[in-house]
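Undergrad: Pasting entry32.pdb here (PDB, C-alpha atoms):
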```
ATOM      1  CA  MET A  27       0.000   0.000   0.000
ATOM      2  CA  ILE A  28       1.247   3.455  -0.941
ATOM      3  CA  ILE A  29       0.643   6.588   1.156
ATOM      4  CA  LYS A  30      -1.425   9.150  -0.732
ATOM      5  CA  THR A  31      -2.221  11.696   1.994
ATOM      6  CA  ILE A  32      -1.102  12.223   5.600
ATOM      7  CA  LEU A  33      -4.086  13.315   7.695
ATOM      8  CA  ASN A  34      -2.198  13.670  10.990
ATOM      9  CA  ASN A  35       0.311  11.784  13.134
ATOM     10  CA  ASN A  36      -2.075   8.867  13.614
ATOM     11  CA  ALA A  37      -3.944   8.581  10.307
ATOM     12  CA  VAL A  38      -2.999   8.421   6.627
ATOM     13  CA  ILE A  39      -4.822   7.708   3.380
ATOM     14  CA  VAL A  40      -3.264   4.986   1.226
ATOM     15  CA  LEU A  41      -4.024   3.314  -2.102
ATOM     16  CA  ASP A  42      -4.504  -0.440  -1.792
ATOM     17  CA  GLU A  43      -3.809  -3.088  -4.426
ATOM     18  CA  ASN A  44      -7.223  -2.391  -6.001
ATOM     19  CA  LYS A  45      -6.518   1.365  -6.194
ATOM     20  CA  ARG A  46      -9.093   2.050  -3.482
ATOM     21  CA  GLU A  47      -8.522   4.840  -0.983
ATOM     22  CA  VAL A  48      -8.127   3.357   2.493
ATOM     23  CA  VAL A  49      -7.645   5.195   5.758
ATOM     24  CA  VAL A  50      -5.093   3.560   8.043
ATOM     25  CA  VAL A  51      -5.082   4.478  11.716
ATOM     26  CA  LYS A  52      -2.084   3.649  13.890
ATOM     27  CA  ASN A  53      -0.289   5.502  16.655
ATOM     28  CA  GLY A  54       2.397   7.643  15.044
ATOM     29  CA  ILE A  55       1.858   6.274  11.524
ATOM     30  CA  GLY A  56       1.911   9.775  10.021
ATOM     31  CA  PHE A  57       5.013  10.833  11.919
ATOM     32  CA  ASN A  58       8.124  10.943   9.696
ATOM     33  CA  SER A  59       6.070   9.467   6.806
ATOM     34  CA  LYS A  60       5.645  11.110   3.443
ATOM     35  CA  LYS A  61       3.569  10.756   0.302
ATOM     36  CA  GLY A  62       4.699   7.761  -1.764
ATOM     37  CA  ASP A  63       5.968   5.672   1.168
ATOM     38  CA  ILE A  64       4.981   1.990   1.088
ATOM     39  CA  LEU A  65       3.175   0.433   4.061
ATOM     40  CA  LYS A  66       2.963  -3.246   4.891
ATOM     41  CA  LYS A  67      -0.317  -4.708   6.080
ATOM     42  CA  GLU A  68       1.288  -6.088   9.235
ATOM     43  CA  ASP A  69       2.110  -2.508  10.254
ATOM     44  CA  MET A  70      -1.559  -1.523  10.354
ATOM     45  CA  GLU A  71      -3.738  -1.727  13.450
ATOM     46  CA  LYS A  72      -6.959  -0.401  11.903
ATOM     47  CA  MET A  73      -8.216   0.213   8.389
ATOM     48  CA  PHE A  74     -11.245   2.172   7.178
ATOM     49  CA  VAL A  75     -12.245   1.681   3.542
ATOM     50  CA  LEU A  76     -13.648   4.928   2.166
ATOM     51  CA  GLN A  77     -16.177   3.158  -0.047
ATOM     52  CA  GLU A  78     -17.558   1.163   2.883
ATOM     53  CA  GLU A  79     -21.146   2.119   3.733
ATOM     54  CA  GLY A  80     -21.278   4.482   6.684
ATOM     55  CA  VAL A  81     -17.700   5.740   6.278
ATOM     56  CA  SER A  82     -18.004   8.750   3.979
ATOM     57  CA  LYS A  83     -15.085  10.730   2.602
ATOM     58  CA  HIS A  84     -16.398  13.795   4.424
ATOM     59  CA  SER A  85     -16.306  11.862   7.696
ATOM     60  CA  ILE A  86     -12.776  10.674   7.053
ATOM     61  CA  GLU A  87     -11.650  14.254   6.461
ATOM     62  CA  LEU A  88     -12.749  15.055  10.012
ATOM     63  CA  LEU A  89      -9.749  13.073  11.222
ATOM     64  CA  SER A  90      -7.393  15.698   9.833
ATOM     65  CA  THR A  91      -8.972  18.321  12.130
ATOM     66  CA  ILE A  92      -8.982  16.251  15.318
ATOM     67  CA  ASN A  93      -6.196  16.302  17.880
ATOM     68  CA  ASP A  94      -3.942  13.230  17.853
ATOM     69  CA  ASP A  95      -4.554  12.606  21.563
ATOM     70  CA  ILE A  96      -8.305  12.407  21.004
ATOM     71  CA  ILE A  97      -7.800   9.878  18.201
ATOM     72  CA  CYS A  98      -5.731   7.733  20.588
ATOM     73  CA  VAL A  99      -8.484   7.980  23.216
ATOM     74  CA  SER A 100     -11.159   6.957  20.703
ATOM     75  CA  LYS A 101      -9.035   4.027  19.609
ATOM     76  CA  ARG A 102      -8.812   2.743  23.177
ATOM     77  CA  ILE A 103     -12.547   3.286  23.805
ATOM     78  CA  VAL A 104     -13.565   1.433  20.645
ATOM     79  CA  ALA A 105     -11.245  -1.454  21.529
ATOM     80  CA  TYR A 106     -12.696  -1.565  25.048
ATOM     81  CA  GLY A 107     -16.258  -1.452  23.713
ATOM     82  CA  ARG A 108     -15.648  -4.288  21.270
ATOM     83  CA  GLU A 109     -14.072  -6.434  23.961
ATOM     84  CA  THR A 110     -16.854  -5.700  26.465
ATOM     85  CA  LEU A 111     -19.944  -5.871  24.255
ATOM     86  CA  LYS A 112     -18.750  -8.804  22.141
ATOM     87  CA  GLN A 113     -20.897  -7.519  19.266
ATOM     88  CA  PRO A 114     -19.930  -6.617  15.689
ATOM     89  CA  ILE A 115     -19.143  -2.886  15.750
ATOM     90  CA  HIS A 116     -19.178  -0.893  12.514
ATOM     91  CA  ASP A 117     -15.844   0.769  11.746
ATOM     92  CA  SER A 118     -17.465   4.183  11.318
ATOM     93  CA  ILE A 119     -17.763   4.493  15.107
ATOM     94  CA  PHE A 120     -14.073   5.404  15.274
ATOM     95  CA  ILE A 121     -14.690   8.541  13.208
ATOM     96  CA  THR A 122     -18.023   9.576  14.708
ATOM     97  CA  LEU A 123     -16.818   8.948  18.260
ATOM     98  CA  SER A 124     -13.605  10.918  17.710
ATOM     99  CA  ASP A 125     -15.666  13.836  16.402
ATOM    100  CA  HIS A 126     -18.100  13.610  19.328
ATOM    101  CA  ILE A 127     -15.356  13.531  21.974
ATOM    102  CA  ASN A 128     -13.623  16.441  20.274
ATOM    103  CA  LEU A 129     -16.826  18.526  20.415
ATOM    104  CA  ALA A 130     -17.657  17.393  23.961
ATOM    105  CA  ILE A 131     -14.244  18.520  25.208
ATOM    106  CA  ALA A 132     -14.653  21.886  23.443
ATOM    107  CA  ARG A 133     -18.094  22.363  25.030
ATOM    108  CA  ASN A 134     -16.726  21.400  28.422
ATOM    109  CA  ALA A 135     -13.909  23.947  28.127
ATOM    110  CA  GLN A 136     -16.497  26.633  27.399
ATOM    111  CA  GLY A 137     -18.668  25.581  30.346
ATOM    112  CA  ARG A 138     -21.502  24.452  28.080
ATOM    113  CA  THR A 139     -23.469  21.248  28.607
ATOM    114  CA  ILE A 140     -26.123  19.461  26.558
ATOM    115  CA  ASN A 141     -28.955  17.631  28.297
ATOM    116  CA  ASN A 142     -29.600  14.123  27.042
ATOM    117  CA  PRO A 143     -33.398  13.557  27.043
ATOM    118  CA  LEU A 144     -32.881   9.841  26.361
ATOM    119  CA  ASP A 145     -30.434   9.317  29.222
ATOM    120  CA  TRP A 146     -32.876   7.454  31.486
ATOM    121  CA  ASP A 147     -34.014   5.152  28.691
ATOM    122  CA  ILE A 148     -30.438   4.453  27.615
ATOM    123  CA  LYS A 149     -29.516   3.404  31.155
ATOM    124  CA  LYS A 150     -32.504   1.068  31.368
ATOM    125  CA  ILE A 151     -32.605  -0.357  27.843
ATOM    126  CA  TYR A 152     -28.934  -0.341  26.802
ATOM    127  CA  ARG A 153     -27.291  -1.036  30.127
ATOM    128  CA  GLN A 154     -24.158  -2.677  28.693
ATOM    129  CA  GLU A 155     -23.564   0.121  26.229
ATOM    130  CA  HIS A 156     -24.148   2.707  28.974
ATOM    131  CA  SER A 157     -21.575   0.978  31.170
ATOM    132  CA  VAL A 158     -19.134   1.261  28.259
ATOM    133  CA  GLY A 159     -20.013   4.963  28.123
ATOM    134  CA  MET A 160     -19.219   5.371  31.821
ATOM    135  CA  ALA A 161     -15.933   3.513  31.402
ATOM    136  CA  SER A 162     -15.168   5.786  28.430
ATOM    137  CA  LEU A 163     -15.391   8.839  30.686
ATOM    138  CA  GLU A 164     -12.783   7.248  32.922
ATOM    139  CA  ILE A 165     -10.552   6.547  29.921
ATOM    140  CA  ILE A 166     -10.863  10.181  28.827
ATOM    141  CA  LYS A 167     -10.041  11.359  32.339
ATOM    142  CA  ASP A 168      -7.079   8.991  32.603
ATOM    143  CA  MET A 169      -5.578   9.793  29.202
ATOM    144  CA  LEU A 170      -6.429  13.477  28.821
ATOM    145  CA  GLY A 171      -6.969  14.661  32.400
ATOM    146  CA  ILE A 172     -10.427  15.977  31.442
ATOM    147  CA  THR A 173     -13.584  15.211  33.408
ATOM    148  CA  LEU A 174     -16.681  15.252  31.234
ATOM    149  CA  PRO A 175     -20.235  15.347  32.697
ATOM    150  CA  SER A 176     -21.892  11.984  33.317
ATOM    151  CA  GLU A 177     -24.543  12.737  30.667
ATOM    152  CA  GLU A 178     -21.849  12.197  28.040
ATOM    153  CA  ALA A 179     -21.850   8.481  28.915
ATOM    154  CA  GLY A 180     -25.311   8.195  27.354
ATOM    155  CA  PHE A 181     -24.209   9.913  24.168
ATOM    156  CA  ILE A 182     -21.180   7.623  23.881
ATOM    157  CA  ALA A 183     -23.438   4.619  24.513
ATOM    158  CA  LEU A 184     -25.624   5.684  21.584
ATOM    159  CA  HIS A 185     -22.593   5.669  19.303
ATOM    160  CA  PHE A 186     -22.059   2.003  20.186
ATOM    161  CA  VAL A 187     -25.751   1.157  19.779
ATOM    162  CA  ASN A 188     -25.657   2.914  16.433
ATOM    163  CA  ALA A 189     -22.555   0.996  15.343
ATOM    164  CA  GLU A 190     -24.073  -2.334  16.432
ATOM    165  CA  ILE A 191     -26.975  -1.954  14.012
ATOM    166  CA  ASN A 192     -24.910  -1.322  10.863
ATOM    167  CA  ASP A 193     -25.206   2.401  10.783
ATOM    168  CA  ASP A 194     -26.644   4.414   7.898
ATOM    169  CA  LYS A 195     -27.902   7.939   7.389
ATOM    170  CA  GLU A 196     -31.069   7.261   9.383
ATOM    171  CA  SER A 197     -29.478   5.158  12.098
ATOM    172  CA  MET A 198     -29.535   7.659  14.973
ATOM    173  CA  HIS A 199     -33.180   8.336  14.172
ATOM    174  CA  ASN A 200     -33.729   4.562  14.135
ATOM    175  CA  VAL A 201     -32.086   4.180  17.557
ATOM    176  CA  ALA A 202     -34.457   6.778  19.041
ATOM    177  CA  ASN A 203     -37.453   4.990  17.507
ATOM    178  CA  MET A 204     -36.169   1.650  18.777
ATOM    179  CA  MET A 205     -35.926   2.961  22.338
ATOM    180  CA  ILE A 206     -39.448   4.388  22.158
ATOM    181  CA  PHE A 207     -40.724   1.030  20.877
ATOM    182  CA  ILE A 208     -38.960  -0.963  23.618
ATOM    183  CA  HIS A 209     -40.081   1.463  26.313
ATOM    184  CA  LYS A 210     -43.661   1.247  25.043
ATOM    185  CA  VAL A 211     -43.743  -2.569  25.108
ATOM    186  CA  LEU A 212     -42.086  -2.721  28.546
ATOM    187  CA  ASN A 213     -44.636  -0.308  29.941
ATOM    188  CA  PHE A 214     -47.515  -2.164  28.302
ATOM    189  CA  VAL A 215     -46.491  -5.482  29.917
ATOM    190  CA  LYS A 216     -45.799  -3.787  33.242
ATOM    191  CA  TYR A 217     -49.256  -2.219  33.509
ATOM    192  CA  TYR A 218     -51.077  -5.143  31.919
ATOM    193  CA  PHE A 219     -49.935  -7.392  34.763
ATOM    194  CA  SER A 220     -49.546  -4.653  37.424
ATOM    195  CA  ILE A 221     -45.982  -5.705  38.184
ATOM    196  CA  GLU A 222     -42.666  -4.047  38.977
ATOM    197  CA  TYR A 223     -39.632  -5.323  37.084
ATOM    198  CA  ASP A 224     -36.567  -6.696  38.789
ATOM    199  CA  GLU A 225     -34.159  -4.926  36.454
ATOM    200  CA  ASP A 226     -31.208  -6.895  37.824
ATOM    201  CA  SER A 227     -32.751 -10.247  36.946
ATOM    202  CA  MET A 228     -31.584 -12.348  34.012
ATOM    203  CA  ASP A 229     -35.167 -12.763  32.773
ATOM    204  CA  TYR A 230     -35.625  -8.992  32.550
ATOM    205  CA  TYR A 231     -32.308  -8.686  30.710
ATOM    206  CA  ARG A 232     -33.303 -11.413  28.235
ATOM    207  CA  PHE A 233     -36.678  -9.779  27.606
ATOM    208  CA  VAL A 234     -35.061  -6.407  26.886
ATOM    209  CA  ARG A 235     -32.502  -8.010  24.577
ATOM    210  CA  HIS A 236     -35.295  -9.801  22.744
ATOM    211  CA  LEU A 237     -37.141  -6.504  22.272
ATOM    212  CA  GLN A 238     -33.918  -4.896  21.008
ATOM    213  CA  PHE A 239     -33.627  -7.514  18.265
ATOM    214  CA  SER A 240     -37.323  -7.138  17.458
ATOM    215  CA  ALA A 241     -36.903  -3.369  17.194
ATOM    216  CA  GLN A 242     -33.944  -3.815  14.854
ATOM    217  CA  ARG A 243     -36.077  -5.922  12.537
ATOM    218  CA  ILE A 244     -38.707  -3.167  12.442
ATOM    219  CA  PHE A 245     -36.597  -0.010  12.232
ATOM    220  CA  VAL A 246     -33.288  -1.133  10.748
ATOM    221  CA  LYS A 247     -33.678  -4.171   8.549
ATOM    222  CA  ASN A 248     -37.158  -2.988   7.572
ATOM    223  CA  ASN A 249     -38.285  -6.480   6.644
ATOM    224  CA  GLY A 250     -40.725  -7.377   9.391
ATOM    225  CA  PHE A 251     -40.279 -10.522  11.437
ATOM    226  CA  SER A 252     -38.936 -13.909  10.463
ATOM    227  CA  GLU A 253     -41.070 -16.663   8.999
ATOM    228  CA  ASN A 254     -42.826 -19.120  11.280
ATOM    229  CA  ARG A 255     -40.654 -21.976  12.458
ATOM    230  CA  VAL A 256     -42.497 -22.741  15.707
ATOM    231  CA  ASP A 257     -44.380 -25.998  16.179
ATOM    232  CA  MET A 258     -48.011 -24.845  16.096
ATOM    233  CA  GLU A 259     -49.039 -27.612  18.487
ATOM    234  CA  MET A 260     -46.599 -26.177  21.026
ATOM    235  CA  MET A 261     -47.965 -22.698  20.383
ATOM    236  CA  ASP A 262     -51.543 -23.917  20.933
ATOM    237  CA  PHE A 263     -50.489 -25.690  24.118
ATOM    238  CA  MET A 264     -48.756 -22.577  25.472
ATOM    239  CA  SER A 265     -51.691 -20.315  24.597
ATOM    240  CA  ARG A 266     -54.081 -22.597  26.509
ATOM    241  CA  LYS A 267     -51.741 -23.050  29.460
ATOM    242  CA  TYR A 268     -50.840 -19.360  29.819
ATOM    243  CA  VAL A 269     -54.073 -17.653  28.863
ATOM    244  CA  LYS A 270     -53.402 -14.180  30.260
ATOM    245  CA  GLU A 271     -49.819 -14.095  28.949
ATOM    246  CA  PHE A 272     -51.070 -15.110  25.506
ATOM    247  CA  ALA A 273     -53.766 -12.422  25.617
ATOM    248  CA  CYS A 274     -51.013  -9.894  26.390
ATOM    249  CA  THR A 275     -49.021 -10.968  23.324
ATOM    250  CA  GLU A 276     -52.157 -10.583  21.217
ATOM    251  CA  LYS A 277     -52.479  -6.996  22.431
ATOM    252  CA  ILE A 278     -48.816  -6.373  21.606
ATOM    253  CA  ARG A 279     -49.360  -7.758  18.100
ATOM    254  CA  GLU A 280     -52.272  -5.356  17.651
ATOM    255  CA  LEU A 281     -50.185  -2.446  18.951
ATOM    256  CA  ILE A 282     -47.334  -3.168  16.508
ATOM    257  CA  LYS A 283     -49.734  -3.574  13.588
ATOM    258  CA  ARG A 284     -51.626  -0.390  14.468
ATOM    259  CA  GLU A 285     -48.594   1.833  15.069
ATOM    260  CA  TYR A 286     -45.924   0.329  12.784
ATOM    261  CA  TYR A 287     -48.016  -1.384  10.067
ATOM    262  CA  ILE A 288     -46.206  -4.660  10.592
ATOM    263  CA  GLU A 289     -47.767  -8.052  11.203
ATOM    264  CA  ILE A 290     -45.508 -10.034  13.538
ATOM    265  CA  SER A 291     -45.172 -13.755  13.027
ATOM    266  CA  ARG A 292     -46.428 -16.495  15.317
ATOM    267  CA  GLU A 293     -42.796 -17.297  16.018
ATOM    268  CA  GLU A 294     -42.239 -13.804  17.396
ATOM    269  CA  GLN A 295     -45.432 -14.064  19.425
ATOM    270  CA  PHE A 296     -44.307 -17.426  20.794
ATOM    271  CA  TYR A 297     -41.056 -15.981  22.112
ATOM    272  CA  LEU A 298     -42.857 -12.970  23.543
ATOM    273  CA  LEU A 299     -45.098 -15.397  25.407
ATOM    274  CA  ILE A 300     -42.109 -17.275  26.822
ATOM    275  CA  HIS A 301     -40.326 -14.104  27.966
ATOM    276  CA  ILE A 302     -43.458 -12.601  29.498
ATOM    277  CA  ASN A 303     -44.243 -15.820  31.361
ATOM    278  CA  ARG A 304     -40.741 -15.805  32.867
ATOM    279  CA  LEU A 305     -41.076 -12.180  33.892
ATOM    280  CA  ILE A 306     -44.344 -12.474  35.749
ATOM    281  CA  SER A 307     -43.269 -15.735  37.392
ATOM    282  CA  LEU A 308     -40.468 -13.987  39.306
TER     283      LEU A 308
END
```
What does this structure look like when you write it as C-alpha cells?
TA:
Amino acid sequence: MIIKTILNNNAVIVLDENKREVVVVKNGIGFNSKKGDILKKEDMEKMFVLQEEGVSKHSIELLSTINDDIICVSKRIVAYGRETLKQPIHDSIFITLSDHINLAIARNAQGRTINNPLDWDIKKIYRQEHSVGMASLEIIKDMLGITLPSEEAGFIALHFVNAEINDDKESMHNVANMMIFIHKVLNFVKYYFSIEYDEDSMDYYRFVRHLQFSAQRIFVKNNGFSENRVDMEMMDFMSRKYVKEFACTEKIRELIKREYYIEISREEQFYLLIHINRLISL
C-alpha cells in the first residue's frame, strides 16, 4: 500500500492493491512518513475503507482536524467497547466517536453542557452500552486529564448502539425509535400485569434483549419478522396453558400492527409469550 495523503500523526490515506482509498489508523503512523511511502499490512492496526457504507469521505476528512490525543483515546474506547460488548461494531464508530469527543471537550472547556433527554431510557434499555459509556469517561479522564459530565456516557453509549446496528444515514433516528418502541412494550407489559420489574434479573435482561432484536427488525432491517418456524401444536399448548400471557401478546401484536403497520409472526409471538411468562413468574 502506498501513502497518498497524511491526515495527521495517527492517520494516513493509502491506495490499496485495487486502487481504493483506504484510511489507516495507527499511533504515530503519520510521523516521519511522506507521500509515496509503502506500508505493509502487518504494520496496520486499523483500516477504514472509504467506499464502505457508513464511512463517507467527508467523515474521514474530520480526522485531519482532530487532535492526535483524542484519536488515541477513541481508539482505546472502541477497543474496550468491542471487547466488552462482544458484538460486531461498525468501523465508522471510530470517526463519529472521535468527532463527538472532540466537540464534547470543546463544550466542556467553554462551560456548556447538553442535556440528554434519552439518558434514562439508555440506562434502562442499553445497560451494557451505557456501562461502556461510563468507562469511556474514565478513559478520557485517565488519558487526557479531562472530566466530562456523566450525561456524556449516554451519548457515547448511543454511538455504540448505532454501530451495532450497521449504521446508515437514518441510524440515529432509528435508535431513538427503537428505544421508544422498547419502552412502550415494557410499559404495556408492566401495567397489563400490574408488576414491577426486577431490572437486575436475568429474565428482565433477556426480555429487553429480545425486544432490542425485534426493534432492529422493524426499524433497521425494515423487513418485518422472520417466517414461522415454531411448532403450532406447542404454540396452541402454550396459549391454553398461559391464557393471560397469551392475551397480552395478542395486544402487543395489535399495537405493533396499528402503530408500525407490521404483522408479527407467530414465532415472534411465541417468544414474547415465553419471555413474558418468565417475567411475571419472578
Undergrad: Evaluate the PyMOL selection byres ((chain A and resi 209-213) around 12) against this structure - the residues, as a ChimeraX atom specification, please.
TA: /A:144,146-152,202-208,214-223,225,230-231,233-238,240-241,274-275,277-282,285,298,301-302,305
Undergrad: Decode the PyMOL selection byres ((chain A and resi 161-169) around 10) for the given file into explicit residues and return them as a CSV table (one decimal) with C-alpha atoms, keeping the file's coordinate frame.
TA:
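This went into result11.csv:
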```csv
chain,number,residue,atom,x,y,z
A,95,ASP,CA,-4.6,12.6,21.6
A,96,ILE,CA,-8.3,12.4,21.0
A,98,CYS,CA,-5.7,7.7,20.6
A,99,VAL,CA,-8.5,8.0,23.2
A,100,SER,CA,-11.2,7.0,20.7
A,102,ARG,CA,-8.8,2.7,23.2
A,103,ILE,CA,-12.5,3.3,23.8
A,104,VAL,CA,-13.6,1.4,20.6
A,106,TYR,CA,-12.7,-1.6,25.0
A,107,GLY,CA,-16.3,-1.5,23.7
A,127,ILE,CA,-15.4,13.5,22.0
A,131,ILE,CA,-14.2,18.5,25.2
A,155,GLU,CA,-23.6,0.1,26.2
A,156,HIS,CA,-24.1,2.7,29.0
A,157,SER,CA,-21.6,1.0,31.2
A,158,VAL,CA,-19.1,1.3,28.3
A,159,GLY,CA,-20.0,5.0,28.1
A,160,MET,CA,-19.2,5.4,31.8
A,170,LEU,CA,-6.4,13.5,28.8
A,171,GLY,CA,-7.0,14.7,32.4
A,172,ILE,CA,-10.4,16.0,31.4
A,173,THR,CA,-13.6,15.2,33.4
A,174,LEU,CA,-16.7,15.3,31.2
A,175,PRO,CA,-20.2,15.3,32.7
A,176,SER,CA,-21.9,12.0,33.3
A,177,GLU,CA,-24.5,12.7,30.7
A,178,GLU,CA,-21.8,12.2,28.0
A,179,ALA,CA,-21.8,8.5,28.9
A,182,ILE,CA,-21.2,7.6,23.9
A,183,ALA,CA,-23.4,4.6,24.5
```
Undergrad: Give me, as a PyMOL selection string, all polymer residues having an atom no more than 8 Å from segment 54-66 of chain A, counting only C-alpha atoms and skipping those fewer than 2 positions away in the same chain.
TA: chain A and resi 27-38+51-52+68-70
Undergrad: What does the structure give for the distance between atom CA of Ala189 of chain A and atom CA of Arg232 of chain A, in Å to one decimal?
TA: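 These atoms are spaced 20.9 Å apart.
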Undergrad: Using only C-alpha atoms, which residue out of A:Lys283, A:Arg292, A:Arg46, A:Lys112 lies closest to Met261 of chain A?
TA: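 Counting only C-alpha atoms, the residue closest to Met261 of chain A is A:Arg292.
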Undergrad: Go through A:Ile306, A:Ile140, A:Leu123, A:Leu89 and flag the residue nearest Ile39 of chain A, using only C-alpha atoms for the distances.
TA: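 Closest residue, counting only C-alpha atoms: A:Leu89.
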Undergrad: One decimal, in Å: what's the spacing between atom CA of Asn200 of chain A and atom CA of Asn188 of chain A?
TA: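 Between atom CA of Asn200 of chain A and atom CA of Asn188 of chain A the gap works out to 8.6 Å.
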Undergrad: How many Å lie between atom CA of Phe181 of chain A and atom CA of Asn142 of chain A, rounded to one decimal?
TA: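 Interatomic distance here is 7.4 Å.
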Undergrad: When you count only C-alpha atoms, which of these residues is closest to His126 of chain A: A:Asp94, A:Glu293, A:Leu88, A:Arg153?
TA: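 Answer, going by the shortest atom-to-atom distance: A:Leu88.
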Undergrad: Residues within 9 Å of segment 262-265 of chain A, please, as an MDAnalysis selection string. Count all atoms listed in the file; anything in the same chain fewer than 5 positions from it doesn't count.
TA: chainID A and resid 257 270:273 296 299:300
Undergrad: Calculate, to one decimal in Å, the centre and edge lengths of the box along x, y and z of the file that holds all listed atoms of segment 148-167 of chain A with 6 Å of margin on each side, and present them as AutoDock Vina command-line options.
TA:
```
--center_x -21.3 --center_y 4.3 --center_z 29.6 --size_x 34.6 --size_y 26.0 --size_z 18.7
```
